[in-house]
>>> print(open('input.tsv').read())   # TSV, C-alpha atoms
chain	number	residue	atom	x	y	z
A	6	MET	CA	-48.57	24.01	63.91
A	7	THR	CA	-49.72	26.94	61.71
A	8	ASP	CA	-47.31	28.76	59.44
A	9	VAL	CA	-45.87	32.05	60.62
A	10	THR	CA	-47.15	35.02	58.59
A	11	LYS	CA	-45.68	38.40	57.74
A	12	GLU	CA	-48.62	40.03	59.51
A	13	GLN	CA	-47.73	38.23	62.75
A	14	VAL	CA	-44.14	39.38	62.48
A	15	LEU	CA	-45.03	43.01	61.73
A	16	ASP	CA	-47.59	43.07	64.55
A	17	LYS	CA	-44.96	41.81	66.99
A	18	LEU	CA	-42.40	44.34	65.72
A	19	LYS	CA	-44.80	47.18	66.52
A	20	GLY	CA	-43.73	46.62	70.10
A	21	VAL	CA	-40.17	47.72	69.28
A	22	ARG	CA	-39.63	51.44	69.77
A	23	GLY	CA	-37.88	53.58	67.15
A	24	PRO	CA	-34.28	54.85	67.38
A	25	ASP	CA	-35.22	57.74	69.73
A	26	MET	CA	-38.08	55.97	71.54
A	27	ASP	CA	-40.50	57.85	69.29
A	28	GLY	CA	-43.12	55.56	67.74
A	29	ASN	CA	-42.39	51.99	66.63
A	30	ILE	CA	-40.15	50.67	63.88
A	31	VAL	CA	-43.05	49.39	61.75
A	32	ASP	CA	-45.16	52.56	61.71
A	33	MET	CA	-42.00	54.60	61.12
A	34	GLY	CA	-41.37	52.58	57.94
A	35	LEU	CA	-38.00	51.25	59.07
A	36	VAL	CA	-38.71	47.54	58.48
A	37	SER	CA	-37.94	46.05	55.07
A	38	ASP	CA	-40.02	43.38	53.39
A	39	VAL	CA	-40.24	40.37	55.69
A	40	PHE	CA	-39.04	37.08	54.20
A	41	ILE	CA	-40.04	33.79	55.86
A	42	SER	CA	-38.59	30.42	54.94
A	43	ASP	CA	-38.71	27.15	56.84
A	44	SER	CA	-40.09	29.00	59.91
A	45	LYS	CA	-37.08	31.34	59.92
A	46	VAL	CA	-37.69	35.07	59.59
A	47	TYR	CA	-35.41	37.47	57.70
A	48	PHE	CA	-35.68	41.26	57.48
A	49	SER	CA	-33.67	44.43	57.85
A	50	ILE	CA	-34.16	47.70	59.74
A	51	THR	CA	-33.17	51.02	58.18
A	52	VAL	CA	-31.31	53.38	60.51
A	53	PRO	CA	-29.13	56.49	60.05
A	54	ALA	CA	-25.72	55.36	58.81
A	55	GLU	CA	-23.74	57.25	61.43
A	56	ARG	CA	-25.75	55.61	64.24
A	57	ALA	CA	-25.58	52.00	63.01
A	58	ARG	CA	-23.29	50.71	65.77
A	59	GLU	CA	-25.09	52.68	68.46
A	60	LEU	CA	-28.45	51.19	67.45
A	61	ASP	CA	-27.44	47.54	67.45
A	62	PRO	CA	-29.54	46.96	70.62
A	63	LEU	CA	-32.57	47.90	68.50
A	64	ARG	CA	-31.68	45.11	66.07
A	65	ALA	CA	-31.24	42.68	68.97
A	66	ALA	CA	-34.62	43.67	70.43
A	67	ALA	CA	-36.36	43.11	67.09
A	68	GLU	CA	-34.73	39.71	66.74
A	69	ARG	CA	-35.72	38.78	70.28
A	70	VAL	CA	-39.42	39.65	69.94
A	71	VAL	CA	-39.74	37.82	66.62
A	72	LYS	CA	-38.25	34.66	68.13
A	73	GLU	CA	-41.01	34.81	70.74
A	74	ILE	CA	-43.66	34.17	68.07
A	75	PRO	CA	-44.92	30.57	68.31
A	76	GLY	CA	-43.58	28.52	65.42
A	77	VAL	CA	-40.57	30.74	64.67
A	78	LYS	CA	-37.37	28.67	64.65
A	79	GLY	CA	-34.98	31.57	64.21
A	80	ALA	CA	-34.54	35.14	63.01
A	81	MET	CA	-31.87	36.94	61.03
A	82	VAL	CA	-32.03	40.73	61.32
A	83	ALA	CA	-29.69	43.23	59.67
A	84	LEU	CA	-29.31	46.97	60.18
A	85	THR	CA	-29.42	48.81	56.85
A	86	ALA	CA	-27.61	52.12	56.84
A	87	ASP	CA	-29.60	53.93	54.16
A	88	LYS	CA	-28.34	57.29	52.95
A	89	LYS	CA	-31.93	58.60	52.89
A	90	ALA	CA	-32.29	57.81	56.58
A	91	THR	CA	-29.27	59.91	57.50
A	92	SER	CA	-30.25	63.13	59.22
A	93	SER	CA	-26.91	64.81	58.59
A	94	SER	CA	-25.71	65.91	55.18
A	95	ALA	CA	-22.13	65.07	56.08
A	96	PRO	CA	-20.56	62.18	54.14
A	97	VAL	CA	-20.96	58.79	55.78
A	98	GLN	CA	-17.74	57.09	56.85
A	99	ARG	CA	-17.49	53.33	56.63
A	100	PRO	CA	-16.45	51.66	59.91
A	101	THR	CA	-12.72	50.92	59.98
A	102	ALA	CA	-13.15	47.31	61.04
A	103	ALA	CA	-15.76	44.60	60.78
A	104	PRO	CA	-17.63	43.72	63.98
A	105	SER	CA	-16.17	40.82	65.89
A	106	HIS	CA	-19.59	39.16	66.10
A	107	ALA	CA	-22.13	38.66	63.35
A	108	GLY	CA	-24.92	39.90	65.58
A	109	HIS	CA	-23.47	43.40	65.37
A	110	SER	CA	-24.40	45.92	62.71
A	111	HIS	CA	-23.37	45.09	59.17
A	112	ALA	CA	-24.14	48.43	57.53
A	113	GLU	CA	-24.22	48.93	53.80
A	114	HIS	CA	-24.38	52.43	52.41
A	115	ALA	CA	-26.89	52.59	49.60
A	116	GLY	CA	-25.56	54.15	46.45
A	117	HIS	CA	-21.94	54.01	47.66
A	118	SER	CA	-20.97	50.36	48.14
A	119	HIS	CA	-20.20	49.70	44.48
A	120	THR	CA	-18.16	52.83	43.82
A	121	PRO	CA	-14.37	53.13	43.72
A	122	ALA	CA	-14.56	55.62	46.60
A	123	ALA	CA	-16.18	53.01	48.81
A	124	ALA	CA	-13.54	50.50	47.83
A	125	GLN	CA	-10.81	52.96	48.73
A	126	ARG	CA	-12.21	53.20	52.27
A	127	THR	CA	-11.88	49.45	52.74
A	128	PRO	CA	-9.91	48.67	55.91
A	129	THR	CA	-6.68	46.77	55.49
A	130	ALA	CA	-6.69	43.03	56.14
A	131	SER	CA	-4.93	43.51	59.47
A	132	ALA	CA	-7.68	45.91	60.60
A	133	LYS	CA	-10.55	43.54	59.78
A	134	ALA	CA	-11.83	41.20	62.46
A	135	GLY	CA	-10.68	37.65	61.78
A	136	ILE	CA	-12.37	34.37	62.66
A	137	PRO	CA	-11.06	32.71	65.82
A	138	GLY	CA	-9.10	29.57	64.98
A	139	VAL	CA	-9.01	30.18	61.22
A	140	GLY	CA	-5.52	30.87	59.87
A	141	ALA	CA	-6.26	32.05	56.33
A	142	ILE	CA	-9.37	32.76	54.27
A	143	ILE	CA	-9.21	32.25	50.51
A	144	ALA	CA	-11.92	33.38	48.10
A	145	VAL	CA	-12.48	31.40	44.90
A	146	ALA	CA	-14.16	33.68	42.38
A	147	SER	CA	-15.09	34.02	38.72
A	148	GLY	CA	-16.35	36.86	36.60
A	149	LYS	CA	-19.23	34.82	35.18
A	150	GLY	CA	-21.14	31.63	35.84
A	151	GLY	CA	-20.64	28.32	34.08
A	152	VAL	CA	-16.86	28.13	34.35
A	153	GLY	CA	-16.80	25.38	37.01
A	154	LYS	CA	-15.93	27.62	39.95
A	155	SER	CA	-17.79	25.61	42.62
A	156	THR	CA	-16.31	22.32	41.40
A	157	THR	CA	-12.89	23.98	41.50
A	158	SER	CA	-13.55	25.28	45.03
A	159	VAL	CA	-14.49	21.86	46.36
A	160	ASN	CA	-11.57	20.06	44.77
A	161	LEU	CA	-9.15	22.81	45.78
A	162	ALA	CA	-10.35	22.50	49.39
A	163	LEU	CA	-9.96	18.71	49.28
A	164	ALA	CA	-6.54	19.06	47.66
A	165	LEU	CA	-5.39	21.46	50.38
A	166	LYS	CA	-6.54	18.86	52.92
A	167	ALA	CA	-4.79	16.05	51.03
A	168	ASN	CA	-1.64	18.20	51.15
A	169	GLY	CA	-1.74	18.17	54.94
A	170	LEU	CA	-3.85	21.19	55.98
A	171	ARG	CA	-6.97	21.53	58.14
A	172	VAL	CA	-9.64	22.90	55.81
A	173	GLY	CA	-13.18	24.27	55.84
A	174	ILE	CA	-15.34	25.55	53.00
A	175	LEU	CA	-18.00	28.26	53.03
A	176	ASP	CA	-20.60	28.42	50.27
A	177	ALA	CA	-21.10	32.18	49.84
A	178	ASP	CA	-23.61	31.85	47.00
A	179	ILE	CA	-26.84	32.85	48.75
A	180	TYR	CA	-29.00	32.52	45.65
A	181	GLY	CA	-27.58	29.27	44.26
A	182	PRO	CA	-25.78	27.27	46.98
A	183	SER	CA	-24.15	24.14	45.59
A	184	MET	CA	-22.08	22.67	48.45
A	185	PRO	CA	-24.85	20.40	49.82
A	186	ARG	CA	-25.06	18.69	46.44
A	187	LEU	CA	-21.34	18.71	45.58
A	188	LEU	CA	-20.38	17.28	48.98
A	189	LYS	CA	-23.44	15.03	49.38
A	190	ILE	CA	-24.52	16.60	52.68
A	191	SER	CA	-28.11	16.86	53.86
A	192	GLY	CA	-29.81	17.93	57.06
A	193	ARG	CA	-29.61	21.02	59.24
A	194	PRO	CA	-26.65	22.31	61.27
A	195	GLN	CA	-26.91	21.85	65.03
A	196	GLN	CA	-27.02	24.90	67.26
A	197	ILE	CA	-24.62	24.78	70.19
A	198	GLU	CA	-23.83	27.36	72.87
A	199	GLY	CA	-25.19	30.87	72.39
A	200	ARG	CA	-25.79	31.81	68.77
A	201	MET	CA	-23.10	29.47	67.44
A	202	ILE	CA	-23.87	26.55	65.16
A	203	ARG	CA	-21.77	23.52	64.31
A	204	PRO	CA	-20.72	23.24	60.65
A	205	MET	CA	-21.67	20.20	58.61
A	206	GLU	CA	-18.86	17.84	57.63
A	207	ASN	CA	-17.91	15.36	54.93
A	208	TYR	CA	-14.64	14.09	53.42
A	209	GLY	CA	-12.85	15.71	56.34
A	210	LEU	CA	-14.02	19.22	55.38
A	211	LYS	CA	-16.04	21.48	57.66
A	212	VAL	CA	-18.80	23.02	55.55
A	213	MET	CA	-21.36	25.81	55.84
A	214	SER	CA	-23.93	26.83	53.22
A	215	MET	CA	-27.24	28.64	53.01
A	216	GLY	CA	-28.38	25.42	51.35
A	217	PHE	CA	-28.39	23.78	54.79
A	218	LEU	CA	-30.68	26.48	56.19
A	219	VAL	CA	-33.18	27.03	53.39
A	220	ASP	CA	-34.95	24.42	51.25
A	221	GLU	CA	-33.52	23.97	47.75
A	222	GLU	CA	-36.78	25.00	46.06
A	223	VAL	CA	-37.04	28.30	47.93
A	224	ALA	CA	-36.30	31.39	45.82
A	225	MET	CA	-34.09	33.83	47.73
A	226	ILE	CA	-35.06	37.44	47.03
A	227	TRP	CA	-32.76	39.47	49.26
A	228	ARG	CA	-31.39	42.98	49.20
A	229	GLY	CA	-27.69	43.72	49.64
A	230	PRO	CA	-27.74	44.31	53.42
A	231	MET	CA	-29.42	40.96	54.07
A	232	ILE	CA	-26.85	39.16	51.92
A	233	GLN	CA	-24.11	40.94	53.85
A	234	SER	CA	-25.59	39.99	57.21
A	235	ALA	CA	-26.15	36.35	56.20
A	236	LEU	CA	-22.58	35.95	54.97
A	237	LEU	CA	-21.03	37.47	58.06
A	238	GLN	CA	-23.19	35.32	60.32
A	239	MET	CA	-22.19	32.17	58.42
A	240	LEU	CA	-18.58	33.21	58.92
A	241	ARG	CA	-18.59	34.42	62.51
A	242	GLU	CA	-21.38	32.40	64.14
A	243	VAL	CA	-20.13	29.00	63.00
A	244	ALA	CA	-17.87	26.95	65.28
A	245	TRP	CA	-15.17	26.32	62.68
A	246	GLY	CA	-12.62	25.15	65.24
A	247	ASP	CA	-8.94	25.21	64.33
A	248	LEU	CA	-8.46	25.52	60.56
A	249	ASP	CA	-5.38	26.34	58.56
A	250	VAL	CA	-7.53	27.62	55.74
A	251	LEU	CA	-11.16	28.40	54.97
A	252	VAL	CA	-12.03	28.27	51.25
A	253	VAL	CA	-14.93	30.55	50.30
A	254	ASP	CA	-16.84	29.60	47.15
A	255	MET	CA	-18.00	33.00	45.90
A	256	PRO	CA	-21.02	33.56	43.66
A	257	PRO	CA	-20.12	34.59	40.11
A	258	GLY	CA	-19.73	38.27	39.27
A	259	THR	CA	-18.85	41.30	41.38
A	260	GLY	CA	-21.94	42.03	43.47
A	261	ASP	CA	-22.90	42.39	47.13
A	262	ALA	CA	-21.42	39.09	48.31
A	263	GLN	CA	-18.05	39.82	46.74
A	264	LEU	CA	-17.90	43.34	48.17
A	265	THR	CA	-18.92	42.09	51.61
A	266	MET	CA	-16.14	39.50	51.64
A	267	ALA	CA	-13.56	41.90	50.24
A	268	GLN	CA	-14.43	44.83	52.51
A	269	GLN	CA	-15.38	43.09	55.77
A	270	VAL	CA	-13.27	39.92	55.91
A	271	PRO	CA	-9.45	39.64	56.17
A	272	LEU	CA	-8.98	37.63	52.98
A	273	ALA	CA	-5.54	36.11	52.52
A	274	GLY	CA	-6.18	36.28	48.80
A	275	ALA	CA	-8.40	35.32	45.88
A	276	VAL	CA	-8.16	32.58	43.28
A	277	ILE	CA	-9.77	33.46	39.93
A	278	VAL	CA	-11.31	30.66	37.85
A	279	SER	CA	-11.75	31.08	34.10
A	280	THR	CA	-11.99	29.04	30.93
A	281	PRO	CA	-9.72	29.66	27.93
A	282	GLN	CA	-12.48	31.57	26.11
A	283	ASP	CA	-11.99	35.27	25.44
A	284	LEU	CA	-15.45	36.09	26.85
A	285	ALA	CA	-14.73	34.30	30.12
A	286	LEU	CA	-11.37	36.04	30.38
A	287	ILE	CA	-12.98	39.45	29.88
A	288	ASP	CA	-15.33	38.70	32.80
A	289	ALA	CA	-12.45	37.36	34.88
A	290	ARG	CA	-10.68	40.70	34.50
A	291	LYS	CA	-13.60	42.38	36.28
A	292	GLY	CA	-13.11	40.11	39.28
A	293	LEU	CA	-9.37	40.71	39.23
A	294	ALA	CA	-9.91	44.46	39.10
A	295	MET	CA	-12.34	44.39	42.02
A	296	PHE	CA	-10.03	42.44	44.33
A	297	ARG	CA	-7.11	44.67	43.46
A	298	LYS	CA	-9.19	47.78	44.08
A	299	VAL	CA	-10.01	46.60	47.61
A	300	GLU	CA	-6.39	45.51	48.19
A	301	VAL	CA	-7.00	41.76	48.31
A	302	PRO	CA	-4.03	39.80	46.90
A	303	VAL	CA	-4.81	37.79	43.76
A	304	LEU	CA	-3.18	34.42	44.40
A	305	GLY	CA	-3.47	33.37	40.78
A	306	ILE	CA	-5.66	32.17	37.92
A	307	VAL	CA	-6.88	28.62	37.25
A	308	GLU	CA	-7.78	27.70	33.67
A	309	ASN	CA	-10.70	25.28	34.03
A	310	MET	CA	-12.01	23.15	31.14
A	311	SER	CA	-8.61	23.83	29.63
A	312	TYR	CA	-8.74	20.88	27.23
A	313	PHE	CA	-10.82	17.76	26.66
A	314	ILE	CA	-9.48	14.22	26.88
A	315	ALA	CA	-11.52	11.71	24.87
A	316	PRO	CA	-12.40	8.81	27.18
A	317	ASP	CA	-12.11	6.20	24.41
A	318	THR	CA	-8.85	7.24	22.75
A	319	GLY	CA	-7.20	9.51	25.29
A	320	ALA	CA	-6.77	12.11	22.54
A	321	ARG	CA	-6.64	15.75	23.61
A	322	TYR	CA	-8.89	18.41	22.08
A	323	ASN	CA	-8.81	22.14	22.77
A	324	ILE	CA	-12.58	22.65	22.61
A	325	PHE	CA	-12.58	26.13	24.15
A	326	GLY	CA	-9.21	27.18	22.85
A	327	HIS	CA	-6.19	26.82	25.10
A	328	GLY	CA	-3.73	28.90	27.07
A	329	GLY	CA	-5.85	32.04	27.30
A	330	ALA	CA	-5.80	32.15	31.08
A	331	ARG	CA	-2.04	31.59	31.19
A	332	LYS	CA	-1.48	34.48	28.78
A	333	GLU	CA	-3.83	36.68	30.80
A	334	ALA	CA	-1.98	35.84	34.02
A	335	GLU	CA	1.32	36.76	32.40
A	336	ARG	CA	-0.14	39.96	30.98
A	337	ILE	CA	-1.38	41.28	34.32
A	338	GLY	CA	1.45	39.88	36.42
A	339	VAL	CA	-0.29	37.28	38.63
A	340	PRO	CA	0.66	33.60	39.06
A	341	PHE	CA	-0.81	31.02	36.70
A	342	LEU	CA	-1.88	28.16	38.96
A	343	GLY	CA	-2.63	25.41	36.48
A	344	GLU	CA	-4.83	23.84	33.82
A	345	VAL	CA	-7.74	21.57	34.75
A	346	PRO	CA	-8.99	19.43	31.85
A	347	LEU	CA	-12.62	18.89	30.96
A	348	THR	CA	-13.33	15.23	31.69
A	349	ILE	CA	-16.39	13.06	32.12
A	350	GLY	CA	-15.00	11.95	35.49
A	351	ILE	CA	-15.02	15.43	37.01
A	352	ARG	CA	-18.63	15.98	35.92
A	353	GLU	CA	-19.83	12.57	37.10
A	354	THR	CA	-18.14	12.77	40.51
A	355	SER	CA	-19.44	16.32	41.03
A	356	ASP	CA	-23.01	15.29	40.16
A	357	ALA	CA	-22.74	12.31	42.51
A	358	GLY	CA	-21.44	14.38	45.44
A	359	THR	CA	-18.16	12.45	45.42
A	360	PRO	CA	-15.55	15.03	44.27
A	361	VAL	CA	-12.73	13.58	42.21
A	362	VAL	CA	-9.98	14.47	44.71
A	363	ALA	CA	-11.80	12.46	47.39
A	364	SER	CA	-13.08	9.60	45.23
A	365	GLU	CA	-10.02	9.17	42.97
A	366	PRO	CA	-7.06	10.24	45.13
A	367	ASP	CA	-4.46	8.65	42.84
A	368	SER	CA	-5.81	9.95	39.55
A	369	GLU	CA	-4.02	12.36	37.23
A	370	ILE	CA	-6.78	14.94	37.76
A	371	THR	CA	-6.23	14.81	41.52
A	372	ARG	CA	-2.53	15.44	40.94
A	373	VAL	CA	-3.46	18.55	38.97
A	374	TYR	CA	-5.64	19.85	41.80
A	375	ARG	CA	-3.01	19.07	44.43
A	376	ASP	CA	-0.38	20.91	42.44
A	377	ILE	CA	-2.71	23.91	42.18
A	378	ALA	CA	-3.33	23.70	45.94
A	379	ARG	CA	0.42	23.67	46.58
A	380	LYS	CA	0.91	26.79	44.46
A	381	VAL	CA	-2.04	28.53	46.15
A	382	TRP	CA	-0.60	27.85	49.59
A	383	GLU	CA	2.83	29.04	48.52
A	384	GLN	CA	1.20	32.34	47.51
A	385	VAL	CA	-0.66	32.56	50.83
A	386	ALA	CA	2.60	31.96	52.68
A	387	ALA	CA	4.35	34.61	50.60
A	388	HIS	CA	1.69	37.17	51.53
A	389	GLN	CA	1.23	36.13	55.17
A	390	GLY	CA	4.83	35.34	56.04
A	391	ASP	CA	5.24	33.40	59.29
A	392	LYS	CA	1.47	33.36	59.92
A	393	ALA	CA	0.86	30.69	57.29
A	394	ARG	CA	1.46	27.12	58.39
A	395	THR	CA	4.15	25.33	56.40
A	396	MET	CA	2.71	22.67	54.13
A	397	PRO	CA	4.43	19.27	54.20
A	398	ASN	CA	6.49	18.36	51.15
A	399	ILE	CA	4.29	16.29	48.84
A	400	VAL	CA	5.95	13.61	46.77
A	401	PHE	CA	3.99	11.95	43.96
A	402	GLU	CA	5.05	8.36	43.43
>>> encode(input="input.tsv", output="structure tokens")
Amino acid sequence: MTDVTKEQVLDKLKGVRGPDMDGNIVDMGLVSDVFISDSKVYFSITVPAERARELDPLRAAAERVVKEIPGVKGAMVALTADKKATSSSAPVQRPTAAPSHAGHSHAEHAGHSHTPAAAQRTPTASAKAGIPGVGAIIAVASGKGGVGKSTTSVNLALALKANGLRVGILDADIYGPSMPRLLKISGRPQQIEGRMIRPMENYGLKVMSMGFLVDEEVAMIWRGPMIQSALLQMLREVAWGDLDVLVVDMPPGTGDAQLTMAQQVPLAGAVIVSTPQDLALIDARKGLAMFRKVEVPVLGIVENMSYFIAPDTGARYNIFGHGGARKEAERIGVPFLGEVPLTIGIRETSDAGTPVVASEPDSEITRVYRDIARKVWEQVAAHQGDKARTMPNIVFE
């Protein structure tokens, strides 16, 4: 079987008429760069912002014709609402609620998405379309990379499960997905009825990641709208089943993925991960400010790599300083969730795909994570009221 080429895709898309049946979407310059990976085709179509919902059938038609190309296993098409494509000079209004299905338009307004004004137009959590069967969605975020956020996400998810909840985890890092490695999962998700796919599973967690869909060596070079569309599809076109909580491992920083989750998804709250270092705390403040600006509750701060325990003597060393995250939490008035030490065991179990909460359920480190999970769920319950399932009382022997 020969590889699918961009030329084949563009030639096929010339059969799709433009927004007003005038010309075709390729010759009109509405198709973005076409990205092909593992026989799956990704691209976006630029349309006037105020007509994004109306023109979703155009997106569906483009997706349909591309899937007809021999050798194409799937297509992911997003509508890009570009300000330059807007015929009217009137200001563009962001939709008041996310579409209930990922196949709908996920419009991003160029030049506006990262501004405070755009954040102020974010719909409230109650107005955003939820995910059927999922009780609460928690984002785990950090202001910078290298603070152990993904390891924290995995162990937090496993700790929530160990505390009696039904848990899934979504890897929202499109460029550097880590869940396949951290949870020792390989293979491709299975497609079931319609556009839905079944999540992968290990250690009792339901898991979805771009790492299951694209080979690890493939470099992802995507614009904001394609990131937005991919995230919403991984949320809404996955058969999560009945979950008490879905943990979302966010990429570091405050970019397109973070804004998509904050503005389009009814987040129950965000957990911020930092180290005790001043630099990490400065970056963490950016994440805190972003979630507050879009009215997502900050459930608390975790201080990761809080201290080092020498494996030979058991002596404690504050390599990165200590207590910075606790002081920051007190300063800004959010809960401090706990301190996770830097240990060889956490690194080794993460590298092996056997997270410490699953592989060492009776260890002191697991107790730390389970205590953090308890505090996180208490915060979710405080914000959601009766909607949050009561967690069983956990007694450590």
>>> residues_around(input="input.tsv", residues="Ser49 (chain A)", least_positions_apart="4", cutoff="6 Å", atoms="all atoms listed in the file", output="MDAnalysis selection string")
chainID A and resid 36:37 82:84
>>> atom_distance(input="input.tsv", atom1="CA of Tyr322 (chain A)", atom2="CA of Pro366 (chain A)")
24.5 Å
>>> atom_distance(input="input.tsv", atom1="CA of Pro256 (chain A)", atom2="CA of Ala146 (chain A)")
7.0 Å
>>> atom_distance(input="input.tsv", atom1="CA of Gly181 (chain A)", atom2="CA of Ser214 (chain A)")
10.0 Å
>>> residues_near_point(input="input.tsv", point="(-32.9, 35.9, 59.5)", cutoff="10 Å", atoms="all atoms listed in the file", output="list in words")
Val39, Phe40, Ile41, Ser42, Ser44, Lys45, Val46, Tyr47, Phe48, Ser49, Glu68, Lys78, Gly79, Ala80, Met81, Val82, Ala83, Met231, Ser234, Ala235 and Gln238 of chain A
>>> residues_around(input="input.tsv", residues="Ala67 (chain A)", least_positions_apart="6", cutoff="9 Å", atoms="only C-alpha atoms", output="ChimeraX atom specification")
/A:17-18,20-21,50,82
>>> residues_around(input="input.tsv", residues="Leu163 (chain A)", least_positions_apart="6", cutoff="8 Å", atoms="all atoms listed in the file", output="ChimeraX atom specification")
/A:172,208,210,362-363
>>> closest_residue(input="input.tsv", among="A:Val152, A:Ala144, A:Met205, A:Ile337", to="Pro281 (chain A)", atoms="only C-alpha atoms")
A:Val152
>>> closest_residue(input="input.tsv", among="A:Asp356, A:Leu237, A:Leu15, A:Val307", to="Gly135 (chain A)", atoms="all atoms listed in the file")
A:Leu237
>>> closest_residue(input="input.tsv", among="A:Ser183, A:Gly199, A:Pro302, A:Met26", to="Pro340 (chain A)", atoms="all atoms listed in the file")
A:Pro302
>>> residues_around(input="input.tsv", residues="Gly328 (chain A)", least_positions_apart="2", cutoff="8 Å", atoms="all atoms listed in the file", output="PyMOL selection string")
chain A and resi 281+308+311+326+330-332
>>> residues_near_point(input="input.tsv", point="(-15.1, 28.6, 44.1)", cutoff="12 Å", atoms="all atoms listed in the file", output="NGL selection string")
:A and (143-162 or 174-178 or 182-184 or 187 or 251-258 or 263 or 275-279 or 306-307 or 309)
>>> residues_around(input="input.tsv", residues="Ser191 (chain A)", least_positions_apart="4", cutoff="9 Å", atoms="all atoms listed in the file", output="NGL selection string")
:A and (185-186 or 205 or 216-217)
>>> decode(input="input.tsv", residues="region 234-248 of chain A", atoms="N, CA and C atoms", output="PDB file, in the first residue's frame")
ATOM      1  N   SER A 234      -9.140  21.238  18.423  1.00  0.00           N
ATOM      2  CA  SER A 234     -10.011  20.201  17.883  1.00  0.00           C
ATOM      3  C   SER A 234      -9.593  18.820  18.383  1.00  0.00           C
ATOM      4  N   ALA A 235      -8.282  18.559  18.412  1.00  0.00           N
ATOM      5  CA  ALA A 235      -7.796  17.250  18.865  1.00  0.00           C
ATOM      6  C   ALA A 235      -8.167  17.003  20.319  1.00  0.00           C
ATOM      7  N   LEU A 236      -7.996  18.018  21.162  1.00  0.00           N
ATOM      8  CA  LEU A 236      -8.320  17.858  22.579  1.00  0.00           C
ATOM      9  C   LEU A 236      -9.800  17.583  22.790  1.00  0.00           C
ATOM     10  N   LEU A 237     -10.635  18.354  22.112  1.00  0.00           N
ATOM     11  CA  LEU A 237     -12.073  18.179  22.299  1.00  0.00           C
ATOM     12  C   LEU A 237     -12.555  16.840  21.757  1.00  0.00           C
ATOM     13  N   GLN A 238     -11.921  16.357  20.690  1.00  0.00           N
ATOM     14  CA  GLN A 238     -12.282  15.028  20.200  1.00  0.00           C
ATOM     15  C   GLN A 238     -11.855  13.944  21.182  1.00  0.00           C
ATOM     16  N   MET A 239     -10.656  14.088  21.772  1.00  0.00           N
ATOM     17  CA  MET A 239     -10.211  13.087  22.739  1.00  0.00           C
ATOM     18  C   MET A 239     -11.073  13.106  23.996  1.00  0.00           C
ATOM     19  N   LEU A 240     -11.700  14.227  24.267  1.00  0.00           N
ATOM     20  CA  LEU A 240     -12.620  14.302  25.396  1.00  0.00           C
ATOM     21  C   LEU A 240     -13.986  13.730  25.058  1.00  0.00           C
ATOM     22  N   ARG A 241     -14.555  14.176  23.939  1.00  0.00           N
ATOM     23  CA  ARG A 241     -15.968  13.934  23.660  1.00  0.00           C
ATOM     24  C   ARG A 241     -16.228  12.744  22.731  1.00  0.00           C
ATOM     25  N   GLU A 242     -15.203  12.225  22.077  1.00  0.00           N
ATOM     26  CA  GLU A 242     -15.403  11.078  21.196  1.00  0.00           C
ATOM     27  C   GLU A 242     -14.719   9.834  21.738  1.00  0.00           C
ATOM     28  N   VAL A 243     -14.545   9.797  23.038  1.00  0.00           N
ATOM     29  CA  VAL A 243     -14.004   8.628  23.740  1.00  0.00           C
ATOM     30  C   VAL A 243     -15.092   8.086  24.670  1.00  0.00           C
ATOM     31  N   ALA A 244     -15.298   6.790  24.640  1.00  0.00           N
ATOM     32  CA  ALA A 244     -16.330   6.147  25.467  1.00  0.00           C
ATOM     33  C   ALA A 244     -15.782   5.957  26.885  1.00  0.00           C
ATOM     34  N   TRP A 245     -15.789   7.029  27.657  1.00  0.00           N
ATOM     35  CA  TRP A 245     -15.223   6.991  29.004  1.00  0.00           C
ATOM     36  C   TRP A 245     -16.053   6.129  29.959  1.00  0.00           C
ATOM     37  N   GLY A 246     -17.339   5.958  29.675  1.00  0.00           N
ATOM     38  CA  GLY A 246     -18.187   5.225  30.609  1.00  0.00           C
ATOM     39  C   GLY A 246     -18.497   6.067  31.832  1.00  0.00           C
ATOM     40  N   ASP A 247     -18.823   5.427  32.934  1.00  0.00           N
ATOM     41  CA  ASP A 247     -19.158   6.139  34.167  1.00  0.00           C
ATOM     42  C   ASP A 247     -17.905   6.375  34.994  1.00  0.00           C
ATOM     43  N   LEU A 248     -17.509   7.636  35.130  1.00  0.00           N
ATOM     44  CA  LEU A 248     -16.344   8.011  35.922  1.00  0.00           C
ATOM     45  C   LEU A 248     -16.755   9.043  36.968  1.00  0.00           C
TER      46      LEU A 248
END
